[in-house]
$ cat run-v2.cif   # mmCIF, C-alpha atoms
data_structure
loop_
_atom_site.label_atom_id
_atom_site.label_comp_id
_atom_site.auth_asym_id
_atom_site.auth_seq_id
_atom_site.Cartn_x
_atom_site.Cartn_y
_atom_site.Cartn_z
CA MET R 1 83.55 -5.00 99.46
CA SER R 2 86.57 -2.99 98.31
CA THR R 3 89.26 -1.29 100.37
CA LEU R 4 90.27 2.37 100.32
CA TYR R 5 94.01 2.63 100.98
CA LEU R 6 95.20 5.99 102.35
CA VAL R 7 98.89 5.81 101.50
CA GLY R 8 101.53 8.14 102.95
CA LEU R 9 104.05 9.61 100.53
CA GLY R 10 106.24 10.80 103.40
CA LEU R 11 108.39 13.91 103.15
CA GLY R 12 109.97 12.98 99.84
CA PRO R 13 109.58 10.60 96.88
CA GLY R 14 111.86 8.00 98.47
CA ASP R 15 109.86 7.73 101.70
CA MET R 16 107.21 5.31 100.46
CA SER R 17 107.66 1.95 102.14
CA PRO R 18 107.80 -1.38 100.27
CA LEU R 19 104.42 -2.15 101.86
CA ALA R 20 102.98 1.05 100.40
CA VAL R 21 104.25 0.21 96.91
CA GLU R 22 102.86 -3.32 97.25
CA MET R 23 99.42 -2.13 98.38
CA VAL R 24 99.17 0.43 95.58
CA GLY R 25 100.07 -2.31 93.11
CA ARG R 26 97.00 -4.25 94.21
CA CYS R 27 94.64 -1.34 93.57
CA ARG R 28 92.49 -0.88 90.51
CA ARG R 29 92.61 2.93 90.70
CA THR R 30 95.23 5.25 92.23
CA PHE R 31 94.77 8.93 93.02
CA CYS R 32 97.06 11.55 94.56
CA GLU R 33 96.35 14.79 96.40
CA THR R 34 98.95 17.49 97.02
CA TYR R 35 96.83 20.25 98.52
CA THR R 36 97.39 19.34 102.18
CA SER R 37 101.15 19.78 101.86
CA LEU R 38 103.93 20.26 99.35
CA ILE R 39 106.60 17.72 98.42
CA PRO R 40 109.12 19.84 96.49
CA ALA R 41 110.76 16.96 94.59
CA LEU R 42 107.55 15.08 93.76
CA ASP R 43 107.28 14.28 90.05
CA LEU R 44 104.01 12.59 89.16
CA ASP R 45 105.47 10.94 86.06
CA GLU R 46 108.34 9.45 88.07
CA LEU R 47 105.84 8.33 90.71
CA LYS R 48 103.76 6.54 88.07
CA GLU R 49 106.92 4.79 86.83
CA THR R 50 107.91 3.73 90.35
CA LEU R 51 104.45 2.37 91.13
CA GLY R 52 103.87 0.88 87.69
CA THR R 53 100.33 2.26 87.55
CA PRO R 54 98.59 5.46 86.39
CA VAL R 55 98.15 8.11 89.09
CA GLN R 56 95.42 10.74 88.81
CA ARG R 57 95.91 13.99 90.69
CA LEU R 58 92.85 15.29 92.56
CA ASP R 59 92.23 18.81 93.82
CA ARG R 60 90.68 19.58 97.20
CA GLY R 61 87.11 19.74 95.92
CA ARG R 62 87.22 16.32 94.28
CA VAL R 63 88.78 14.66 97.35
CA GLU R 64 86.45 16.29 99.87
CA GLY R 65 83.48 15.63 97.61
CA VAL R 66 84.33 11.88 97.98
CA GLU R 67 82.17 10.82 95.00
CA ILE R 68 85.12 10.08 92.72
CA LEU R 69 86.67 7.83 95.36
CA LEU R 70 83.40 6.09 96.19
CA ASN R 71 82.76 5.47 92.50
CA ALA R 72 86.26 4.02 92.14
CA LEU R 73 85.65 1.71 95.11
CA GLU R 74 82.68 0.22 93.29
CA THR R 75 85.16 -1.13 90.71
CA GLY R 76 87.77 -2.44 93.16
CA ASP R 77 90.44 -1.48 95.71
CA THR R 78 91.44 2.18 95.46
CA ALA R 79 94.48 4.12 96.71
CA LEU R 80 94.76 7.79 97.63
CA LEU R 81 98.36 8.98 97.93
CA VAL R 82 98.79 11.72 100.56
CA PRO R 83 101.85 13.86 101.42
CA GLY R 84 103.39 12.95 104.78
CA ASP R 85 101.34 10.60 106.93
CA PRO R 86 97.76 10.33 105.67
CA MET R 87 95.98 11.30 108.88
CA ILE R 88 98.25 14.10 110.10
CA SER R 89 96.88 17.63 109.63
CA THR R 90 94.24 16.42 107.19
CA THR R 91 90.50 15.87 107.24
CA HIS R 92 90.79 12.45 105.63
CA ILE R 93 88.92 10.74 108.46
CA THR R 94 85.83 11.81 106.49
CA LEU R 95 86.97 9.54 103.66
CA ARG R 96 87.12 6.54 105.98
CA VAL R 97 83.65 7.35 107.28
CA ALA R 98 82.26 7.70 103.75
CA ALA R 99 83.84 4.40 102.72
CA ALA R 100 82.43 2.61 105.77
CA GLU R 101 78.95 4.02 105.22
CA SER R 102 79.12 2.74 101.62
CA GLY R 103 80.04 -0.77 102.79
CA HIS R 104 83.78 -0.56 102.07
CA ALA R 105 86.85 -1.06 104.25
CA SER R 106 89.75 1.35 104.66
CA ARG R 107 93.37 0.99 105.66
CA ILE R 108 96.13 3.50 106.41
CA ILE R 109 99.65 2.90 105.12
CA HIS R 110 101.72 5.20 107.30
CA SER R 111 104.84 7.14 106.37
CA SER R 112 107.11 9.85 107.74
CA SER R 113 105.29 12.92 109.03
CA ILE R 114 106.13 16.60 109.35
CA MET R 115 105.14 16.32 113.02
CA SER R 116 107.81 13.79 113.95
CA ALA R 117 110.37 15.35 111.60
CA ALA R 118 109.86 18.89 112.90
CA ILE R 119 109.99 17.82 116.53
CA GLY R 120 113.16 15.85 115.92
CA GLU R 121 114.90 18.62 113.97
CA SER R 122 113.89 21.28 116.53
CA CYS R 123 116.09 19.67 119.22
CA LEU R 124 113.08 19.83 121.56
CA THR R 125 111.59 16.85 123.39
CA ALA R 126 108.43 15.34 121.89
CA THR R 127 106.71 14.85 125.26
CA ARG R 128 107.07 18.56 126.05
CA PHE R 129 104.98 19.74 123.08
CA GLY R 130 101.44 20.92 123.62
CA ARG R 131 98.64 21.37 121.14
CA MET R 132 99.61 21.96 117.50
CA ALA R 133 98.13 24.76 115.37
CA THR R 134 98.09 25.98 111.78
CA VAL R 135 98.82 29.58 110.82
CA SER R 136 96.65 30.32 107.80
CA PHE R 137 96.42 33.06 105.20
CA MET R 138 92.89 33.71 106.45
CA ARG R 139 93.72 35.61 109.64
CA SER R 140 92.59 33.75 112.74
CA LYS R 141 93.24 34.21 116.46
CA GLN R 142 93.25 30.44 116.99
CA PRO R 143 97.02 29.83 116.59
CA TYR R 144 97.75 32.74 118.95
CA ASP R 145 95.39 31.26 121.55
CA VAL R 146 97.08 27.86 121.19
CA LEU R 147 100.48 29.49 121.72
CA ALA R 148 99.18 31.32 124.80
CA ASP R 149 97.71 28.14 126.31
CA ASN R 150 100.88 26.14 125.65
CA ARG R 151 103.21 28.79 127.03
CA ARG R 152 101.11 29.12 130.19
CA ALA R 153 101.60 25.36 130.64
CA GLY R 154 105.33 25.60 129.85
CA LEU R 155 104.89 23.56 126.67
CA HIS R 156 106.41 23.93 123.20
CA THR R 157 104.24 24.76 120.18
CA LEU R 158 104.51 23.41 116.66
CA PHE R 159 102.92 25.46 113.90
CA LEU R 160 102.11 24.07 110.49
CA LEU R 161 101.93 26.80 107.85
CA ASP R 162 99.19 27.28 105.29
CA VAL R 163 99.30 25.75 101.81
CA ASP R 164 97.10 27.25 99.08
CA GLU R 165 98.01 25.02 96.16
CA GLU R 166 95.44 26.44 93.75
CA ALA R 167 96.76 29.98 94.22
CA GLY R 168 100.38 28.83 94.41
CA ARG R 169 100.78 30.37 97.87
CA TYR R 170 102.83 28.73 100.60
CA MET R 171 103.25 30.52 103.93
CA SER R 172 106.79 31.24 105.09
CA VAL R 173 108.15 31.29 108.63
CA ALA R 174 108.49 35.07 108.44
CA GLN R 175 104.85 35.47 107.38
CA ALA R 176 103.69 33.20 110.21
CA LEU R 177 105.70 35.12 112.79
CA ASP R 178 104.45 38.43 111.43
CA SER R 179 100.88 37.18 111.91
CA LEU R 180 101.54 36.03 115.48
CA VAL R 181 103.30 39.28 116.40
CA SER R 182 100.40 41.24 114.93
CA LEU R 183 97.97 39.26 117.08
CA GLU R 184 100.15 39.92 120.12
CA GLU R 185 99.98 43.66 119.43
CA GLU R 186 96.21 43.39 119.21
CA HIS R 187 95.54 41.17 122.23
CA GLY R 188 98.57 41.74 124.47
CA LEU R 189 98.79 38.44 126.33
CA GLY R 190 102.57 38.66 126.45
CA VAL R 191 103.27 35.35 124.72
CA ILE R 192 105.55 36.51 121.89
CA ASP R 193 107.84 39.46 121.21
CA ASP R 194 110.95 40.27 119.16
CA ALA R 195 113.22 38.50 121.67
CA THR R 196 111.21 35.26 121.82
CA VAL R 197 113.21 32.24 120.67
CA ALA R 198 111.75 30.46 117.65
CA ILE R 199 112.86 27.67 115.32
CA GLY R 200 112.15 28.01 111.63
CA MET R 201 112.29 24.91 109.43
CA ALA R 202 112.07 24.52 105.67
CA ARG R 203 111.87 21.52 103.30
CA LEU R 204 112.39 18.95 106.04
CA GLY R 205 113.44 15.57 104.72
CA SER R 206 115.08 17.01 101.61
CA GLU R 207 118.79 17.36 100.93
CA ASP R 208 118.56 21.15 101.17
CA GLN R 209 116.51 21.33 104.35
CA VAL R 210 117.10 24.36 106.59
CA VAL R 211 116.65 24.57 110.36
CA GLU R 212 117.37 27.95 111.96
CA ALA R 213 116.97 28.86 115.62
CA GLY R 214 117.00 32.49 116.68
CA SER R 215 114.96 35.38 117.91
CA VAL R 216 111.63 36.29 116.35
CA ALA R 217 113.20 39.54 115.18
CA GLY R 218 116.00 37.64 113.47
CA LEU R 219 113.72 35.10 111.80
CA LEU R 220 111.44 37.86 110.54
CA GLU R 221 114.39 39.03 108.47
CA SER R 222 115.63 35.56 107.52
CA ASP R 223 115.02 33.88 104.16
CA LEU R 224 114.72 30.13 104.60
CA GLY R 225 114.19 29.55 100.89
CA PRO R 226 111.40 27.70 99.08
CA PRO R 227 108.49 25.98 100.88
CA PRO R 228 107.21 24.10 102.70
CA HIS R 229 108.01 25.78 106.01
CA CYS R 230 107.02 25.08 109.61
CA LEU R 231 107.70 26.78 112.92
CA ALA R 232 108.32 25.80 116.54
CA ILE R 233 108.24 28.12 119.55
CA PRO R 234 109.68 26.66 122.76
CA GLY R 235 107.96 26.88 126.11
CA ASP R 236 109.96 26.14 129.25
CA VAL R 237 113.25 24.70 128.03
CA HIS R 238 114.85 21.78 129.89
CA PHE R 239 118.61 22.00 130.39
CA SER R 240 119.19 19.10 127.97
CA GLU R 241 117.09 20.86 125.32
CA ARG R 242 118.98 24.09 125.92
CA GLU R 243 122.27 22.27 125.44
CA ALA R 244 121.06 20.73 122.16
CA LEU R 245 119.70 24.04 120.86
CA ARG R 246 123.05 25.69 121.51
CA ALA R 247 125.28 22.88 120.24
CA VAL R 248 123.29 21.70 117.21
CA LEU R 249 121.45 24.82 116.06
CA GLY R 250 123.70 27.54 117.45
CA ALA R 251 120.84 29.12 119.36
CA ARG R 252 121.59 31.86 121.86
CA ILE R 253 119.38 30.64 124.63
#
$ encode --input "run-v2.cif" --output "structure tokens"
Amino acid sequence: MSTLYLVGLGLGPGDMSPLAVEMVGRCRRTFCETYTSLIPALDLDELKETLGTPVQRLDRGRVEGVEILLNALETGDTALLVPGDPMISTTHITLRVAAAESGHASRIIHSSSIMSAAIGESCLTATRFGRMATVSFMRSKQPYDVLADNRRAGLHTLFLLDVDEEAGRYMSVAQALDSLVSLEEEHGLGVIDDATVAIGMARLGSEDQVVEAGSVAGLLESDLGPPPHCLAIPGDVHFSEREALRAVLGARI
């Protein structure tokens, strides 16, 4: 029996833990996927040098097809490197199921996640967030419904923004807000308008990260720079959160 290691790369090349490096070093084959998120400073050649082992990049089809990973497991322990934390905003549970059904074990080596980073940088309290959603290039009402449900409950909403690695498209905060405002115009539930406070975040964990709090109208006109981006929209704001938003992010709230 071999083990499939799902190894978190974190938010940047330096986020891999010593345990992660050690586990990868034990593996016969090492793969990497970058379609679930973007790590701007990731250099595959530097990663190979750090790990001391070849790293093969896989596209979405080859990961979700699972055959290449199952075949590798037949020869020994296998690692799949994943941006962020391996099980956050991914469908990689299917890989664990496939490994188990083929008689192999699996183990997650956790790392920093966009979820914890975005919540921390937003100056909002983690326990006051509701359901998370993804705003995708394929127009869907789902993120708007999530926002509506959360705001009715007084909860904050974190939006992850679409990554289309093959097409080289990465959704910006302005594009996500434009989609949500368009859905508001269509469905009229009163959950977002130009004056709604939002928090746009870009390249979290990097030296040039940007966190900007302001109105939807302001963020629609704001350029937060290169991807990846994410977005938070507050629900009912506690006085301590309001103080932090004003003092740390300069929000007018």
$ atom_distance --input "run-v2.cif" --atom1 "CA of Ser222 in chain R" --atom2 "CA of Ala176 in chain R"
12.5 Å
$ residues_around --input "run-v2.cif" --residues "Gly214 in chain R" --least-positions-apart "4" --cutoff "10 Å" --atoms "all atoms listed in the file" --output "ChimeraX atom specification"
/R:195-200,218-220,222,245,249-253
$ resolve_selection --input "run-v2.cif" --expression "the PyMOL selection byres ((chain R and resi 121) around 12)" --output "MDAnalysis selection string"
chainID R and resid 114:120 122:126 158 199:205 209:213 230:232 241 244:245 248:249
$ residues_around --input "run-v2.cif" --residues "Ser140 in chain R" --least-positions-apart "6" --cutoff "10 Å" --atoms "only C-alpha atoms" --output "list of chain:residue names"
R:Thr134, R:Ser179, R:Leu180, R:Leu183
$ resolve_selection --input "run-v2.cif" --expression "the PyMOL selection byres ((chain R and resi 170) around 10)" --output "list in words"
Ser37, Leu38, Ser136, Phe137, Leu161, Asp162, Val163, Asp164, Glu165, Ala167, Gly168, Arg169, Met171, Ser172, Val173, Gln175, Pro226, Pro227, Pro228 and His229 of chain R
$ write_last_selection --input "run-v2.cif" --atoms "C-alpha atoms" --output "PDB file, keeping the file's coordinate frame"
ATOM      1  CA  SER R  37     101.150  19.780 101.860  1.00  0.00           C
ATOM      2  CA  LEU R  38     103.930  20.260  99.350  1.00  0.00           C
ATOM      3  CA  SER R 136      96.650  30.320 107.800  1.00  0.00           C
ATOM      4  CA  PHE R 137      96.420  33.060 105.200  1.00  0.00           C
ATOM      5  CA  LEU R 161     101.930  26.800 107.850  1.00  0.00           C
ATOM      6  CA  ASP R 162      99.190  27.280 105.290  1.00  0.00           C
ATOM      7  CA  VAL R 163      99.300  25.750 101.810  1.00  0.00           C
ATOM      8  CA  ASP R 164      97.100  27.250  99.080  1.00  0.00           C
ATOM      9  CA  GLU R 165      98.010  25.020  96.160  1.00  0.00           C
ATOM     10  CA  ALA R 167      96.760  29.980  94.220  1.00  0.00           C
ATOM     11  CA  GLY R 168     100.380  28.830  94.410  1.00  0.00           C
ATOM     12  CA  ARG R 169     100.780  30.370  97.870  1.00  0.00           C
ATOM     13  CA  MET R 171     103.250  30.520 103.930  1.00  0.00           C
ATOM     14  CA  SER R 172     106.790  31.240 105.090  1.00  0.00           C
ATOM     15  CA  VAL R 173     108.150  31.290 108.630  1.00  0.00           C
ATOM     16  CA  GLN R 175     104.850  35.470 107.380  1.00  0.00           C
ATOM     17  CA  PRO R 226     111.400  27.700  99.080  1.00  0.00           C
ATOM     18  CA  PRO R 227     108.490  25.980 100.880  1.00  0.00           C
ATOM     19  CA  PRO R 228     107.210  24.100 102.700  1.00  0.00           C
ATOM     20  CA  HIS R 229     108.010  25.780 106.010  1.00  0.00           C
TER      21      HIS R 229
END
$ residues_around --input "run-v2.cif" --residues "Leu95 in chain R" --least-positions-apart "3" --cutoff "9 Å" --atoms "all atoms listed in the file" --output "JSON, numbers by chain"
{"R": [4, 63, 64, 66, 69, 70, 91, 92, 98, 99, 100, 106]}
